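To start, the structure itself, in structure tokens.
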Amino acid sequence: MRKLALALLAASTALILAGCTASANPEFAPTNAAPAQLPEWVVGVAAEEYSDLTLVSEGIDEVGENLIYSGHDSEDNVCIVVAVPPTGGGDGDDWLLSAGCGPAAIFAENGAMVSYRGGGRSGGAHLLPPGFDKPLEAGWSRVSPQLAIRD
């Protein structure tokens, strides 16, 4: 019993001294990324819900025409935002916008994840925190250091 108590004390002390290793303000966007805006075809309230947007899918062929952003919502949660363009590349109203948001502390451990489905299109995106090394669930593919997608 005494060995168990000592082991628990040692583990607790290590966590306290390490500061639980999660940063209070984790970096949620690649350091070389420029600020971005949602495309013109995203209209209405959805276009105003997110701030500090950074396009994290730029130059990643695997995402196709979809645009994937990191950003914040009005409650300062870290968000991943997926904008799926109108079909046929036109100006139709069948675009999709889907977001997943969470507190910075949760993002620092697991990232932010979103799924979308509509108009015969579906998928998912997972914004990963820096240094994320946990295995991805089946069906997910890491396409950059901070982004994984699911078709």
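By convention here, the chains of the structure tokens are called A, B, ... in the order presented, each chain's residues are numbered starting at 1, and ligands are numbered starting at 1 in the order presented.
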message: Can you tell me which residues surround A:Gly102 at a distance of at most 8 Å, considering only C-alpha atoms, apart from same-chain residues fewer than 2 positions away, and format the answer as number ranges by chain?
response: A: 77-79, 100, 104, 106-107, 112
With C-alpha atoms retained, could you export that selection as a short mmCIF file (atom, residue, chain, number, x, y, z; two decimals), in the first residue's frame?
```
data_model
loop_
_atom_site.label_atom_id
_atom_site.label_comp_id
_atom_site.auth_asym_id
_atom_site.auth_seq_id
_atom_site.Cartn_x
_atom_site.Cartn_y
_atom_site.Cartn_z
CA ASN A 77 -12.71 28.42 -29.05
CA VAL A 78 -10.26 26.96 -31.57
CA CYS A 79 -12.12 25.90 -34.72
CA GLY A 100 -15.94 21.98 -35.17
CA ALA A 104 -7.82 25.69 -26.39
CA ILE A 106 -8.89 20.41 -25.49
CA PHE A 107 -7.35 21.44 -28.82
CA ALA A 112 -10.41 19.98 -33.48
#
```
- request: May I have the residues within 7 Å of A:Leu53 as a ChimeraX atom specification, using only C-alpha atoms and disregarding those fewer than 4 positions away in the same chain?
  value: /A:35-37,69-71
Take the selection from the previous step and output its residues with C-alpha atoms, as a compact mmCIF listing (two decimals), in the first residue's frame.
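Contents of selection-v9.txt, as written:
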```txt
# COMPACT_ATOMS: atom_id res chain seq x y z
CA PRO A 35 -4.66 35.42 -42.72
CA ALA A 36 -7.61 34.40 -44.90
CA GLN A 37 -11.30 35.04 -45.46
CA TYR A 69 -9.41 26.86 -42.25
CA SER A 70 -8.31 27.18 -38.67
CA GLY A 71 -9.82 30.01 -36.66
```
- request: For atom CA of A:Val56 and atom CA of A:Asp93, determine how far apart the two atoms are, in Å to one decimal place.
  value: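 These atoms are spaced 24.1 Å apart.
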Selection: 12 Å around A:Ala83, only C-alpha atoms, excl. self and same-chain fewer than 4 positions, as a VMD selection string: chain A and resid 37 to 43 46 to 47 55 to 57 63 to 70 94 to 99 114 to 117 121 to 125
Taking a cut-off of 8 Å and counting only C-alpha atoms, can you build a table that, for each residue of stretch 40-124 of chain A near stretch 130-148 of chain A, reports the nearest atom pair and how far apart they are in Å (one decimal), sorted by chain then residue number, as JSON lines?
```
{"residue": "A:Val56", "atom": "CA", "partner": "A:Leu147", "partner_atom": "CA", "distance": 7.5}
{"residue": "A:Ser57", "atom": "CA", "partner": "A:Leu147", "partner_atom": "CA", "distance": 7.8}
{"residue": "A:Ile60", "atom": "CA", "partner": "A:Val143", "partner_atom": "CA", "distance": 7.1}
{"residue": "A:Glu62", "atom": "CA", "partner": "A:Val143", "partner_atom": "CA", "distance": 7.1}
{"residue": "A:Ala108", "atom": "CA", "partner": "A:Pro130", "partner_atom": "CA", "distance": 7.9}
{"residue": "A:Glu109", "atom": "CA", "partner": "A:Phe132", "partner_atom": "CA", "distance": 7.8}
{"residue": "A:Asn110", "atom": "CA", "partner": "A:Phe132", "partner_atom": "CA", "distance": 7.7}
```
- prompt: Hey, can you check how far atom CA of A:Met113 sits from atom CA of A:Ser51?
  reply: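 Those two atoms sit 17.4 Å apart.
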Which residue of A:Gly44, A:Pro129, A:Gly59, A:Gly119 approaches A:Ala105 most closely, using only C-alpha atoms: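 Among the listed residues, the smallest separation from A:Ala105 belongs to A:Pro129.
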- prompt: Taking the backbone alone, and naming residues the way the document does, which bits of stretch 34-124 of chain A are strand (DSSP E or B) by DSSP, as a PyMOL selection string?
  reply: chain A and resi 35+51-55+67-72+78-84+96-102+112-118+121-124
query: Distance atom CA of A:Asp73-atom CA of A:Glu49, one decimal place?
result: 6.0 Å
task: Give the answer as one residue: which of A:Arg150, A:Pro103, A:Thr54, A:Gly118 has the shortest atom-to-atom distance to A:Val81, using only C-alpha atoms?
output: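 That would be A:Thr54, the residue with the smallest distance to A:Val81.
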message: For a quick check of understanding, using only C-alpha atoms, which of A:Val45, A:Glu58, A:Ile149, A:Glu75 has the smallest distance to A:Leu128?
response: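 Answer, going by the shortest atom-to-atom distance: A:Ile149.
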